Amino acid sequence: MNESLRDWSLRMARLELGQEIRAGSFGFKDVPASVQSGALSETGTESKVVFARLVELMRRKRGLTVEQLADACGIDVADVINIEDEDLTGIGPRTVYQLANWFEVSVSKLMQLAGLKHVENATLAQQGLRFAARSNSMASLTKEEREALDEFVAGLGKQ
Amino acid sequence: MAQTKKTMTLNLTDAEMEALESLCDRKDMSKTAVLKQALRLYQAVEMRLAGGEKLFFEDEGKRTKAEVVML
Amino acid sequence: MTVYPGRRYLVDMGTGGLVEAEIFDTISSADIGDWRTTWKPEIDRVVEALQAQNVPCHLWPQSHHWDWASKVPPPVAIFEKGYALRCEGRLQGLMRVNSVSQRCQLPEQQGSDCIYVDFIETAPWNQASYSASPKYGLVGSALLAAAIHQSVDQGLKGRLGLHSLPQADTWYAQRLGLRDLGLDADRYQGRLKYFEATPEIASSILNGVKFP
């Protein structure tokens with residue numbers, strides 16, 4: 001039996017949730033030539049893990065729940081959940097921008113970690129991997145995690 | 001709102017029908033669809049010509065451009 | 001033939017419930033008026049804030065500079081068509097398509113005619129780029145379904161082409177299943193990916209649903 005319009009609508013809405021849908025000659029003219037479309041739409045696995053771990057530890061350092069962090073940053077709870085689950089599909093620049101401001105780190109560097117900007121600095125990737133390797137998802141930050149987080153955040157400092 | 005439709009009868013020569021059928025085969029479209037698409041394309045070209053633009057074909061291999069003369 | 005105006009649904013992202021919407025196969029002067037008085041101020045407000053915070057412009061919502069007033073197809077044009085989606089008295093989505101400007105590039109339909117999506121956008125309050133709590137979902141699906149319907153009605157069997165904003169690549173490739181032909185060297189200076197729908201992909205998106 002064919003799907004009803006209502007069922008189709010509910011199914012497609014789940015597929016479309018959190019997705020950017022725009023097509024056409026947008027501000028492509030504003031995109032620097034050095035920024036490749038591929039780099040904007042695909043985030044390396046390591047970078048995703050680093051970004052996820054950073055957001056999670058910064059949240060836990062302040063003793064916040066996912067909802068509290070989302071509220072404090074003015075972003076969607078679903079975005080925080082997805083980021084910490086290492087699912088960055090549908091995470092837009094505004095979300096990353098809000099997090100960067102709240103964490104008081106460089107917008108540009110956080111955009112690179114989130115895969116929304118071409119990686120400009122190989123050092124950032126290496127620092128990120130070292131940080132991710134030293135941290136894990138225990139409920140409260142260990143001394144080791146706190147040190148690793150503080151060191152990485154210092155490297156992400158605002159320019 | 002539902003669009004009103006007008007009907008037209010079209011007489012084609014053998015050569016014209018052959019050309020139409022060949023286009024239908026190549027484009028996997030019906031005769032009606034091909035003719036309507038041709039009308040859209042014709043209007044699109046005419047509107048741009050009326051705006052002062054020119055229509056060119058470009059041969060990428062030979063790096064040449066040839067203006068399509070529209071009367 | 002698809003009939004317009006047509007009843008569609010949007011999803012209220014707050015409640016998760018369906019709300020009735022209407023889709024039109026023209027962009028009227030009232031729609032442009034709504035764009036000017038309801039979309040534009042919201043877009044400008046966010047862009048001004050990003051500007052004040054020195055966010056590089058290529059990270060702004062990337063259709064911020066669009067002027068939909070200049071994108072409305074000429075009334076007599078039969079090769080271009082505009083669509084407007086309205087819900088609860090407000091303009092929720094806009095799309096413009098072209099019947100003649102693009103030929104298919106996928107090998108199995110090389111050179112075939114298709115409906116090309118020139119521009120598609122949902123209202124700023126529906127977008128995560130502008131709003132912490134997007135209001136309505138499904139605008140993209142409803143508009144893209146209209147583009148597929150037009151392709152079918154015109155004998156193009158559902159074939160579609162479009163150049164996606166980089167952040168929408170996931171939507172078109174993974175969620176809808178359009179084929180990704182990669183960066184298009186011939187258009188937009190090779191910076192946008194080109195996606196295509198075959199008749200089979202279009203059919204699977206519509207899934208046999210009878211649209212009113």
# chains A, B, ... in the order shown; residues from 1 in each chain; ligands from 1
call {"tool": "closest_atom_pairs", "arguments": {"of": "chain C", "to": "chain B", "cutoff": "10 Å", "atoms": "only C-alpha atoms", "output": "JSON lines"}}
result
{"residue": "C:Met1", "atom": "CA", "partner": "B:Ala2", "partner_atom": "CA", "distance": 9.4}
{"residue": "C:Thr2", "atom": "CA", "partner": "B:Ala2", "partner_atom": "CA", "distance": 9.1}
{"residue": "C:Val3", "atom": "CA", "partner": "B:Ala2", "partner_atom": "CA", "distance": 6.3}
{"residue": "C:Tyr4", "atom": "CA", "partner": "B:Met1", "partner_atom": "CA", "distance": 5.5}
{"residue": "C:Pro5", "atom": "CA", "partner": "B:Met1", "partner_atom": "CA", "distance": 6.2}
{"residue": "C:Gly6", "atom": "CA", "partner": "B:Met1", "partner_atom": "CA", "distance": 9.1}
{"residue": "C:Phe24", "atom": "CA", "partner": "B:Met1", "partner_atom": "CA", "distance": 9.2}
{"residue": "C:Asp25", "atom": "CA", "partner": "B:Met1", "partner_atom": "CA", "distance": 9.5}
{"residue": "C:Pro74", "atom": "CA", "partner": "B:Met47", "partner_atom": "CA", "distance": 10.0}
{"residue": "C:Val76", "atom": "CA", "partner": "B:Gln43", "partner_atom": "CA", "distance": 9.4}
{"residue": "C:Ala77", "atom": "CA", "partner": "B:Gln43", "partner_atom": "CA", "distance": 7.4}
{"residue": "C:Ile78", "atom": "CA", "partner": "B:Arg40", "partner_atom": "CA", "distance": 5.7}
{"residue": "C:Phe79", "atom": "CA", "partner": "B:Arg40", "partner_atom": "CA", "distance": 4.8}
{"residue": "C:Glu80", "atom": "CA", "partner": "B:Ala44", "partner_atom": "CA", "distance": 8.6}
{"residue": "C:Asn98", "atom": "CA", "partner": "B:Arg40", "partner_atom": "CA", "distance": 9.7}
{"residue": "C:Ser99", "atom": "CA", "partner": "B:Arg40", "partner_atom": "CA", "distance": 7.4}
{"residue": "C:Val100", "atom": "CA", "partner": "B:Leu41", "partner_atom": "CA", "distance": 5.8}
{"residue": "C:Ser101", "atom": "CA", "partner": "B:Leu41", "partner_atom": "CA", "distance": 8.5}
{"residue": "C:Gln109", "atom": "CA", "partner": "B:Lys27", "partner_atom": "CA", "distance": 8.6}
{"residue": "C:Gln110", "atom": "CA", "partner": "B:Lys27", "partner_atom": "CA", "distance": 9.3}
{"residue": "C:Gly111", "atom": "CA", "partner": "B:Lys27", "partner_atom": "CA", "distance": 7.6}
{"residue": "C:Ser112", "atom": "CA", "partner": "B:Lys27", "partner_atom": "CA", "distance": 5.4}
{"residue": "C:Asp113", "atom": "CA", "partner": "B:Lys27", "partner_atom": "CA", "distance": 7.2}
{"residue": "C:Asp153", "atom": "CA", "partner": "B:Ala33", "partner_atom": "CA", "distance": 9.0}
{"residue": "C:Gln154", "atom": "CA", "partner": "B:Ala33", "partner_atom": "CA", "distance": 6.0}
{"residue": "C:Gly155", "atom": "CA", "partner": "B:Ala33", "partner_atom": "CA", "distance": 5.3}
{"residue": "C:Leu156", "atom": "CA", "partner": "B:Met29", "partner_atom": "CA", "distance": 6.8}
{"residue": "C:Lys157", "atom": "CA", "partner": "B:Met29", "partner_atom": "CA", "distance": 8.4}
call {"tool": "select_by_dssp", "arguments": {"residues": "chain B", "states": "helix (DSSP H, G or I)", "output": "mmCIF file with N, CA and C atoms, in the first residue's frame"}}
result
data_model
loop_
_atom_site.group_PDB
_atom_site.id
_atom_site.type_symbol
_atom_site.label_atom_id
_atom_site.label_comp_id
_atom_site.auth_asym_id
_atom_site.auth_seq_id
_atom_site.Cartn_x
_atom_site.Cartn_y
_atom_site.Cartn_z
ATOM 1 N N ASP B 14 7.738 14.748 -43.476
ATOM 2 C CA ASP B 14 8.406 13.498 -43.095
ATOM 3 C C ASP B 14 9.727 13.782 -42.388
ATOM 4 N N ALA B 15 10.470 14.752 -42.936
ATOM 5 C CA ALA B 15 11.787 15.078 -42.356
ATOM 6 C C ALA B 15 11.638 15.648 -40.956
ATOM 7 N N GLU B 16 10.622 16.497 -40.795
ATOM 8 C CA GLU B 16 10.406 17.098 -39.470
ATOM 9 C C GLU B 16 9.983 16.027 -38.460
ATOM 10 N N MET B 17 9.107 15.122 -38.912
ATOM 11 C CA MET B 17 8.664 14.048 -38.003
ATOM 12 C C MET B 17 9.844 13.153 -37.649
ATOM 13 N N GLU B 18 10.698 12.885 -38.624
ATOM 14 C CA GLU B 18 11.869 12.054 -38.374
ATOM 15 C C GLU B 18 12.795 12.730 -37.352
ATOM 16 N N ALA B 19 12.957 14.036 -37.524
ATOM 17 C CA ALA B 19 13.796 14.784 -36.580
ATOM 18 C C ALA B 19 13.191 14.730 -35.174
ATOM 19 N N LEU B 20 11.885 14.879 -35.114
ATOM 20 C CA LEU B 20 11.197 14.854 -33.818
ATOM 21 C C LEU B 20 11.340 13.480 -33.168
ATOM 22 N N GLU B 21 11.148 12.437 -33.964
ATOM 23 C CA GLU B 21 11.230 11.074 -33.413
ATOM 24 C C GLU B 21 12.652 10.755 -32.955
ATOM 25 N N SER B 22 13.616 11.256 -33.696
ATOM 26 C CA SER B 22 15.009 11.035 -33.315
ATOM 27 C C SER B 22 15.311 11.714 -31.978
ATOM 28 N N LEU B 23 14.797 12.929 -31.830
ATOM 29 C CA LEU B 23 15.000 13.636 -30.555
ATOM 30 C C LEU B 23 14.297 12.894 -29.414
ATOM 31 N N CYS B 24 13.124 12.384 -29.683
ATOM 32 C CA CYS B 24 12.385 11.636 -28.645
ATOM 33 C C CYS B 24 13.187 10.428 -28.184
ATOM 34 N N ASP B 25 13.768 9.706 -29.164
ATOM 35 C CA ASP B 25 14.571 8.519 -28.818
ATOM 36 C C ASP B 25 15.765 8.911 -27.983
ATOM 37 N N ARG B 26 16.457 9.952 -28.466
ATOM 38 C CA ARG B 26 17.711 10.361 -27.806
ATOM 39 C C ARG B 26 17.435 10.864 -26.400
ATOM 40 N N LYS B 27 16.314 11.565 -26.232
ATOM 41 C CA LYS B 27 16.039 12.199 -24.941
ATOM 42 C C LYS B 27 15.093 11.393 -24.060
ATOM 43 N N LYS B 31 6.770 12.913 -27.769
ATOM 44 C CA LYS B 31 6.774 13.984 -28.780
ATOM 45 C C LYS B 31 6.276 15.294 -28.182
ATOM 46 N N THR B 32 5.209 15.190 -27.415
ATOM 47 C CA THR B 32 4.653 16.395 -26.792
ATOM 48 C C THR B 32 5.672 17.033 -25.857
ATOM 49 N N ALA B 33 6.335 16.198 -25.062
ATOM 50 C CA ALA B 33 7.317 16.719 -24.096
ATOM 51 C C ALA B 33 8.475 17.395 -24.831
ATOM 52 N N VAL B 34 8.943 16.798 -25.916
ATOM 53 C CA VAL B 34 10.050 17.386 -26.685
ATOM 54 C C VAL B 34 9.632 18.741 -27.253
ATOM 55 N N LEU B 35 8.456 18.808 -27.840
ATOM 56 C CA LEU B 35 8.013 20.062 -28.460
ATOM 57 C C LEU B 35 7.825 21.155 -27.412
ATOM 58 N N LYS B 36 7.264 20.808 -26.278
ATOM 59 C CA LYS B 36 7.088 21.815 -25.220
ATOM 60 C C LYS B 36 8.441 22.275 -24.683
ATOM 61 N N GLN B 37 9.374 21.343 -24.547
ATOM 62 C CA GLN B 37 10.712 21.699 -24.062
ATOM 63 C C GLN B 37 11.400 22.610 -25.077
ATOM 64 N N ALA B 38 11.208 22.304 -26.352
ATOM 65 C CA ALA B 38 11.779 23.147 -27.415
ATOM 66 C C ALA B 38 11.213 24.564 -27.334
ATOM 67 N N LEU B 39 9.932 24.669 -27.016
ATOM 68 C CA LEU B 39 9.293 25.990 -26.887
ATOM 69 C C LEU B 39 9.890 26.759 -25.711
ATOM 70 N N ARG B 40 10.109 26.061 -24.600
ATOM 71 C CA ARG B 40 10.720 26.724 -23.421
ATOM 72 C C ARG B 40 12.111 27.211 -23.781
ATOM 73 N N LEU B 41 12.879 26.363 -24.439
ATOM 74 C CA LEU B 41 14.256 26.718 -24.785
ATOM 75 C C LEU B 41 14.265 27.913 -25.732
ATOM 76 N N TYR B 42 13.372 27.899 -26.691
ATOM 77 C CA TYR B 42 13.274 28.983 -27.671
ATOM 78 C C TYR B 42 12.954 30.296 -26.942
ATOM 79 N N GLN B 43 11.983 30.255 -26.032
ATOM 80 C CA GLN B 43 11.633 31.460 -25.292
ATOM 81 C C GLN B 43 12.803 31.938 -24.433
ATOM 82 N N ALA B 44 13.496 30.995 -23.767
ATOM 83 C CA ALA B 44 14.621 31.375 -22.908
ATOM 84 C C ALA B 44 15.705 32.081 -23.723
ATOM 85 N N VAL B 45 16.002 31.515 -24.901
ATOM 86 C CA VAL B 45 17.026 32.119 -25.766
ATOM 87 C C VAL B 45 16.570 33.498 -26.248
ATOM 88 N N GLU B 46 15.318 33.584 -26.696
ATOM 89 C CA GLU B 46 14.800 34.857 -27.225
ATOM 90 C C GLU B 46 14.824 35.958 -26.170
ATOM 91 N N MET B 47 14.497 35.593 -24.932
ATOM 92 C CA MET B 47 14.471 36.618 -23.877
ATOM 93 C C MET B 47 15.872 37.139 -23.600
ATOM 94 N N ARG B 48 16.856 36.250 -23.651
ATOM 95 C CA ARG B 48 18.222 36.713 -23.388
ATOM 96 C C ARG B 48 18.755 37.531 -24.569
ATOM 97 N N LEU B 49 18.394 37.114 -25.766
ATOM 98 C CA LEU B 49 18.805 37.904 -26.934
ATOM 99 C C LEU B 49 18.176 39.292 -26.874
ATOM 100 N N ALA B 50 16.923 39.333 -26.467
ATOM 101 C CA ALA B 50 16.231 40.620 -26.366
ATOM 102 C C ALA B 50 16.887 41.501 -25.307
#
call {"tool": "closest_residue", "arguments": {"among": "C:Ile43, C:Ile27, C:Leu192, C:Leu91", "to": "chain A", "atoms": "only C-alpha atoms"}}
result
C:Leu192
call {"tool": "closest_residue", "arguments": {"among": "C:Leu181, C:Ala197, C:Ala173, C:Ala132", "to": "Thr95 of chain A", "atoms": "only C-alpha atoms"}}
result
C:Ala132
call {"tool": "residues_around", "arguments": {"residues": "Ala23 of chain A", "least_positions_apart": "4", "cutoff": "7 Å", "atoms": "only C-alpha atoms", "output": "PyMOL selection string"}}
result
chain C and resi 119-120+162-165
